[in-house]
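Okay, model13.txt is below, compact mmCIF, C-alpha atoms:
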```
# COMPACT_ATOMS: atom_id res chain seq x y z
CA MET V 13 0.00 0.00 0.00
CA THR V 14 1.30 3.45 -0.91
CA GLN V 15 1.88 5.59 2.14
CA PRO V 16 0.59 9.19 2.08
CA ASP V 17 3.19 11.88 1.54
CA THR V 18 2.98 13.60 4.90
CA ALA V 19 5.69 16.08 3.88
CA ARG V 20 3.57 17.55 1.10
CA PRO V 21 2.39 21.01 2.16
CA THR V 22 -1.24 22.03 2.15
CA VAL V 23 -1.68 24.65 -0.57
CA ASP V 24 -3.71 27.76 0.24
CA ALA V 25 -4.31 28.86 -3.35
CA ALA V 26 -6.18 32.04 -2.45
CA GLY V 27 -3.61 33.06 0.14
CA MET V 28 -0.71 32.57 -2.25
CA PHE V 29 -2.07 35.31 -4.52
CA ASP V 30 -3.11 37.68 -1.73
CA LEU V 31 -1.48 41.12 -2.02
CA GLY V 32 -3.47 42.71 0.81
CA GLY V 33 -1.55 45.48 2.56
CA ARG V 34 1.47 45.40 0.25
CA ILE V 35 3.11 48.49 -1.17
CA ALA V 36 3.68 48.71 -4.91
CA VAL V 37 5.49 51.20 -7.13
CA VAL V 38 4.50 51.45 -10.80
CA THR V 39 6.42 53.72 -13.16
CA GLY V 40 4.86 55.17 -16.29
CA ALA V 41 1.42 54.82 -14.73
CA SER V 42 -0.42 57.75 -16.29
CA ARG V 43 -2.06 55.67 -19.02
CA GLY V 44 -2.04 52.40 -20.93
CA ILE V 45 -0.31 49.37 -19.48
CA GLY V 46 1.10 51.18 -16.45
CA ALA V 47 -2.29 52.55 -15.41
CA ALA V 48 -3.96 49.15 -15.90
CA LEU V 49 -1.36 47.37 -13.79
CA ALA V 50 -1.46 49.99 -11.03
CA ILE V 51 -5.25 49.72 -10.79
CA GLY V 52 -5.06 45.93 -11.00
CA LEU V 53 -2.64 45.81 -8.06
CA ALA V 54 -4.91 48.12 -6.07
CA ASN V 55 -7.83 45.81 -6.79
CA ALA V 56 -5.69 42.97 -5.42
CA GLY V 57 -5.10 44.88 -2.17
CA CYS V 58 -2.02 47.03 -2.75
CA ASP V 59 -1.43 50.65 -1.87
CA VAL V 60 0.27 52.05 -4.96
CA ALA V 61 2.82 54.77 -5.64
CA ILE V 62 2.53 55.82 -9.28
CA THR V 63 4.99 57.86 -11.29
CA ALA V 64 5.08 59.83 -14.52
CA ARG V 65 6.93 62.86 -15.75
CA SER V 66 3.94 65.04 -14.83
CA ALA V 67 1.99 64.54 -11.60
CA THR V 68 -1.22 65.92 -13.12
CA ASP V 69 -1.12 63.15 -15.73
CA LEU V 70 -1.57 60.70 -12.87
CA ASP V 71 -4.87 62.12 -11.61
CA ALA V 72 -7.13 59.58 -13.34
CA THR V 73 -5.03 56.59 -12.24
CA ALA V 74 -4.86 57.86 -8.65
CA GLU V 75 -8.63 58.36 -8.59
CA ALA V 76 -9.22 54.81 -9.85
CA ILE V 77 -6.87 53.38 -7.20
CA ARG V 78 -8.64 55.27 -4.43
CA ALA V 79 -11.99 54.06 -5.76
CA LYS V 80 -10.74 50.55 -4.93
CA GLY V 81 -10.30 51.65 -1.32
CA ARG V 82 -6.50 51.78 -1.50
CA SER V 83 -3.99 54.62 -1.07
CA ALA V 84 -2.48 56.24 -4.14
CA LEU V 85 0.70 58.31 -4.10
CA PRO V 86 1.30 60.20 -7.37
CA ILE V 87 4.91 61.31 -7.88
CA ALA V 88 6.36 63.37 -10.73
CA MET V 89 9.55 61.59 -11.80
CA ASP V 90 11.61 61.30 -14.95
CA VAL V 91 13.27 57.88 -14.92
CA ARG V 92 16.22 59.33 -16.86
CA ASP V 93 17.18 61.26 -13.71
CA SER V 94 18.74 58.94 -11.12
CA GLY V 95 18.59 61.65 -8.47
CA ALA V 96 14.84 62.04 -9.01
CA ILE V 97 14.44 58.27 -8.67
CA ALA V 98 16.21 58.24 -5.30
CA SER V 99 14.05 61.13 -4.10
CA ALA V 100 10.87 59.40 -5.27
CA VAL V 101 11.71 56.16 -3.47
CA ALA V 102 12.36 58.12 -0.27
CA LYS V 103 8.90 59.70 -0.65
CA VAL V 104 7.30 56.29 -1.05
CA VAL V 105 8.95 54.95 2.09
CA ALA V 106 7.97 58.04 4.09
CA ALA V 107 4.35 58.14 2.89
CA LEU V 108 3.37 54.49 2.40
CA GLY V 109 6.19 52.34 3.77
CA ALA V 110 8.87 50.18 2.22
CA PRO V 111 7.83 48.90 -1.21
CA ASP V 112 7.17 45.19 -1.67
CA ILE V 113 6.66 45.39 -5.45
CA LEU V 114 8.17 47.42 -8.28
CA ILE V 115 6.83 47.38 -11.82
CA ASN V 116 9.29 49.02 -14.20
CA ASN V 117 6.88 50.11 -16.91
CA ALA V 118 8.00 53.59 -18.02
CA GLY V 119 9.00 53.40 -21.65
CA VAL V 120 9.06 55.12 -25.03
CA GLU V 121 9.14 53.88 -28.61
CA ASP V 122 9.83 55.59 -31.93
CA VAL V 123 9.86 53.68 -35.19
CA ARG V 124 12.50 54.87 -37.64
CA ALA V 125 14.78 53.35 -40.26
CA SER V 126 18.07 52.47 -38.58
CA THR V 127 20.01 54.64 -41.05
CA GLU V 128 17.96 57.60 -39.78
CA VAL V 129 18.50 57.02 -36.05
CA ASP V 130 20.34 59.95 -34.49
CA ASP V 131 22.01 60.40 -31.11
CA GLU V 132 18.98 62.10 -29.57
CA LEU V 133 16.58 59.31 -30.48
CA TRP V 134 18.93 56.57 -29.32
CA ASP V 135 19.64 58.27 -26.00
CA ARG V 136 15.98 59.08 -25.32
CA ILE V 137 14.81 55.51 -25.86
CA VAL V 138 17.70 53.66 -24.24
CA ASP V 139 17.95 56.07 -21.29
CA THR V 140 14.23 55.69 -20.56
CA ASN V 141 13.66 51.99 -21.21
CA LEU V 142 16.95 50.51 -20.02
CA ARG V 143 18.97 52.96 -17.94
CA GLY V 144 15.87 54.26 -16.15
CA ALA V 145 14.57 50.80 -15.36
CA PHE V 146 17.92 49.73 -13.93
CA PHE V 147 18.23 52.73 -11.64
CA CYS V 148 14.62 52.35 -10.46
CA ALA V 149 15.44 48.73 -9.66
CA ARG V 150 18.64 49.77 -7.92
CA GLU V 151 16.93 52.26 -5.60
CA VAL V 152 13.95 50.08 -4.75
CA GLY V 153 16.20 47.02 -4.61
CA ARG V 154 18.27 48.60 -1.85
CA VAL V 155 15.16 48.90 0.30
CA MET V 156 14.00 45.38 -0.54
CA LEU V 157 17.38 43.80 0.14
CA ALA V 158 17.51 45.47 3.54
CA ARG V 159 14.21 43.71 4.34
CA GLN V 160 15.18 40.45 2.58
CA ARG V 161 12.04 40.41 0.45
CA GLY V 162 10.48 41.92 -2.64
CA SER V 163 9.42 41.40 -6.23
CA ILE V 164 10.61 43.47 -9.19
CA ILE V 165 8.79 43.11 -12.52
CA ASN V 166 10.38 44.62 -15.61
CA MET V 167 8.16 45.28 -18.61
CA CYS V 168 10.03 43.81 -21.55
CA SER V 169 8.67 43.30 -25.06
CA LEU V 170 8.46 40.95 -28.01
CA ALA V 171 11.54 42.93 -29.08
CA SER V 172 13.37 41.33 -26.14
CA GLY V 173 13.31 38.04 -28.04
CA ILE V 174 13.03 38.84 -31.75
CA GLY V 175 14.28 41.48 -34.14
CA ILE V 176 11.74 44.08 -35.28
CA PRO V 177 12.67 46.21 -38.31
CA THR V 178 12.83 50.00 -37.76
CA ALA V 179 12.90 49.49 -33.97
CA THR V 180 16.64 49.09 -33.33
CA PRO V 181 16.96 51.45 -30.32
CA TYR V 182 13.78 50.06 -28.80
CA GLY V 183 14.86 46.47 -29.39
CA ALA V 184 18.28 47.19 -27.93
CA SER V 185 16.69 48.68 -24.81
CA LYS V 186 14.23 45.84 -24.29
CA THR V 187 16.79 43.11 -25.00
CA GLY V 188 19.07 44.83 -22.52
CA LEU V 189 16.27 44.95 -19.97
CA LEU V 190 15.88 41.20 -20.22
CA GLY V 191 19.60 40.90 -19.53
CA VAL V 192 19.22 43.19 -16.51
CA THR V 193 16.34 41.01 -15.30
CA ARG V 194 18.46 37.88 -15.40
CA ALA V 195 21.55 39.48 -13.88
CA LEU V 196 19.68 41.09 -11.00
CA SER V 197 17.81 37.88 -10.31
CA THR V 198 21.05 35.96 -10.02
CA GLU V 199 22.56 38.61 -7.76
CA TRP V 200 19.59 39.46 -5.58
CA LEU V 201 17.62 36.24 -5.17
CA PRO V 202 19.90 35.06 -2.33
CA GLY V 203 18.87 38.28 -0.61
CA GLY V 204 15.17 37.51 -0.96
CA VAL V 205 14.42 39.74 -3.95
CA ARG V 206 12.92 38.16 -7.06
CA VAL V 207 13.31 39.83 -10.45
CA ASN V 208 11.19 38.76 -13.41
CA ALA V 209 9.78 40.24 -16.59
CA ILE V 210 6.54 40.43 -18.51
CA ALA V 211 6.75 40.83 -22.28
CA PRO V 212 3.46 42.07 -23.74
CA GLY V 213 2.57 41.21 -27.30
CA TYR V 214 0.44 43.56 -29.38
CA PHE V 215 -1.67 45.84 -27.19
CA ARG V 216 -3.39 48.99 -28.40
CA THR V 217 -2.15 51.92 -26.30
CA ALA V 218 -1.40 55.58 -26.91
CA MET V 219 2.22 54.64 -27.64
CA THR V 220 1.27 52.09 -30.32
CA GLU V 221 -1.83 53.80 -31.71
CA GLY V 222 -0.10 54.73 -34.95
CA PHE V 223 0.22 51.08 -35.96
CA TYR V 224 -3.44 50.32 -35.36
CA ARG V 225 -4.60 53.09 -37.68
CA ASN V 226 -3.33 50.97 -40.56
CA PRO V 227 -5.91 48.26 -41.40
CA ASP V 228 -3.40 46.35 -43.53
CA TRP V 229 -0.99 46.18 -40.59
CA GLN V 230 -3.79 44.95 -38.32
CA ALA V 231 -4.76 42.20 -40.73
CA SER V 232 -1.14 41.14 -41.18
CA MET V 233 -0.48 40.96 -37.43
CA LEU V 234 -3.73 39.17 -36.56
CA ALA V 235 -2.80 36.46 -39.04
CA LYS V 236 0.36 35.81 -36.99
CA ILE V 237 -1.32 35.67 -33.56
CA PRO V 238 -2.78 32.24 -32.70
CA ALA V 239 -5.37 33.84 -30.41
CA HIS V 240 -6.64 35.82 -33.45
CA ARG V 241 -7.00 39.00 -31.43
CA PHE V 242 -4.91 41.80 -30.00
CA GLY V 243 -4.34 41.97 -26.26
CA ASN V 244 -6.66 43.71 -23.83
CA LEU V 245 -4.94 45.55 -20.98
CA GLU V 246 -6.71 43.26 -18.50
CA ASP V 247 -4.82 40.32 -20.01
CA LEU V 248 -1.64 41.56 -18.30
CA ILE V 249 -2.96 41.88 -14.77
CA GLY V 250 -2.98 38.18 -13.87
CA SER V 251 0.68 37.71 -14.77
CA ALA V 252 1.62 40.78 -12.73
CA ILE V 253 -0.29 39.57 -9.68
CA PHE V 254 1.31 36.13 -10.00
CA LEU V 255 4.85 37.54 -10.16
CA ALA V 256 4.16 40.03 -7.37
CA SER V 257 2.66 37.45 -5.01
CA ASP V 258 3.88 34.53 -2.95
CA ALA V 259 2.54 32.22 -5.66
CA SER V 260 5.82 32.85 -7.51
CA LEU V 261 8.27 32.60 -4.59
CA TYR V 262 10.35 30.05 -6.53
CA VAL V 263 10.23 31.97 -9.81
CA SER V 264 12.97 34.44 -10.68
CA GLY V 265 14.92 35.51 -13.73
CA GLN V 266 12.03 34.58 -16.01
CA VAL V 267 10.08 36.36 -18.73
CA ILE V 268 6.38 35.70 -19.35
CA TYR V 269 5.27 36.50 -22.87
CA VAL V 270 1.66 37.67 -22.77
CA ASP V 271 1.15 37.63 -26.50
CA GLY V 272 -1.72 35.39 -27.54
CA GLY V 273 0.75 32.68 -28.53
CA TYR V 274 2.75 34.83 -30.94
CA MET V 275 6.25 33.92 -29.76
CA ALA V 276 5.45 30.21 -29.72
CA SER V 277 4.42 30.37 -33.36
CA VAL V 278 7.24 32.50 -34.79
```
Output the file's structure as structure tokens, nothing else.
Amino acid sequence: MTQPDTARPTVDAAGMFDLGGRIAVVTGASRGIGAALAIGLANAGCDVAITARSATDLDATAEAIRAKGRSALPIAMDVRDSGAIASAVAKVVAALGAPDILINNAGVEDVRASTEVDDELWDRIVDTNLRGAFFCAREVGRVMLARQRGSIINMCSLASGIGIPTATPYGASKTGLLGVTRALSTEWLPGGVRVNAIAPGYFRTAMTEGFYRNPDWQASMLAKIPAHRFGNLEDLIGSAIFLASDASLYVSGQVIYVDGGYMASV
């Protein structure tokens, strides 16, 4: 007769995903993916510090967070300024407490033939998407490492895994961010801090609106997506909650492609 495995733990599925009372920081939260994730975390129980270059741009997101019964802390911050990042993290700690979660979402994209890329464009994209994300992780990571716990989620891209024509600076920044994710995970996981990434597929946001105005582009892309639809912002929230919660305590250095099966079919 097979003996029961008495060492097997009892799984509290609901408790594993519980984010009640945790403090989250979401950059680039004025609209689109950042706003959706900030509100999604609030709905899961988090108090949320939200950042953008202009504090007034955060009004709608802050109002939605408070409507969920959670605290919202809007902070004006340009992720290209490491001093501003340090100041913002200090404000979060003073107002809400030490952050448990960071979502590095702030990002920019500009499609241009590689022969036409100039210094300004390269610096603007790479400094925002890669340099900014690293220094946000560094500042929040210091607080998390001191407490021996935390989850950092970097927003990567399909361009982290494949080449996209006319998006060389963007692809370089997002491929680099995946490298940062893996390196920080290796370095910080012994200190209790997990670092993972989410790579969205094709989602219609203000940043990508120009593509969606082209019906031929839409038809071409839909033919490549096994789900036969573009992503809804709500499709990203579950992955973020999973990576932010105790349900993923043994997951680090990974990237989740939320893309309707696109990467699996390329």
Sel. within 9 Å of pt (-2.5, 45.4, -27.8), counting all atoms listed in the file, output as number ranges by chain: V: 212-217, 220, 241-245, 271
Go through range 247-278 of chain V residue by residue and, counting only C-alpha atoms, keep those with an atom at most 9 Å from range 109-125 of chain V; for each kept residue give the shortest atom pair and its distance in Å to one decimal, ordered by chain and increasing number, as JSON lines.
```
{"residue": "V:Ala252", "atom": "CA", "partner": "V:Ile115", "partner_atom": "CA", "distance": 8.5}
{"residue": "V:Ala256", "atom": "CA", "partner": "V:Ile113", "partner_atom": "CA", "distance": 6.2}
{"residue": "V:Ser257", "atom": "CA", "partner": "V:Ile113", "partner_atom": "CA", "distance": 8.9}
```
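In this model, the gap between CA of Arg159 in chain V and CA of Ala195 in chain V comes to 20.1 Å.
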Exercise: Ser169 in chain V partners within 10 Å, all atoms listed in the file, chain neighbours under 3 positions left out, as a PyMOL selection string: chain V and resi 166+172-174+182-183+185-187+189-190+209-214+267-271
Quick one: distance from CA of Leu142 in chain V to CA of Gly162 in chain V in Å, one decimal? 20.4 Å
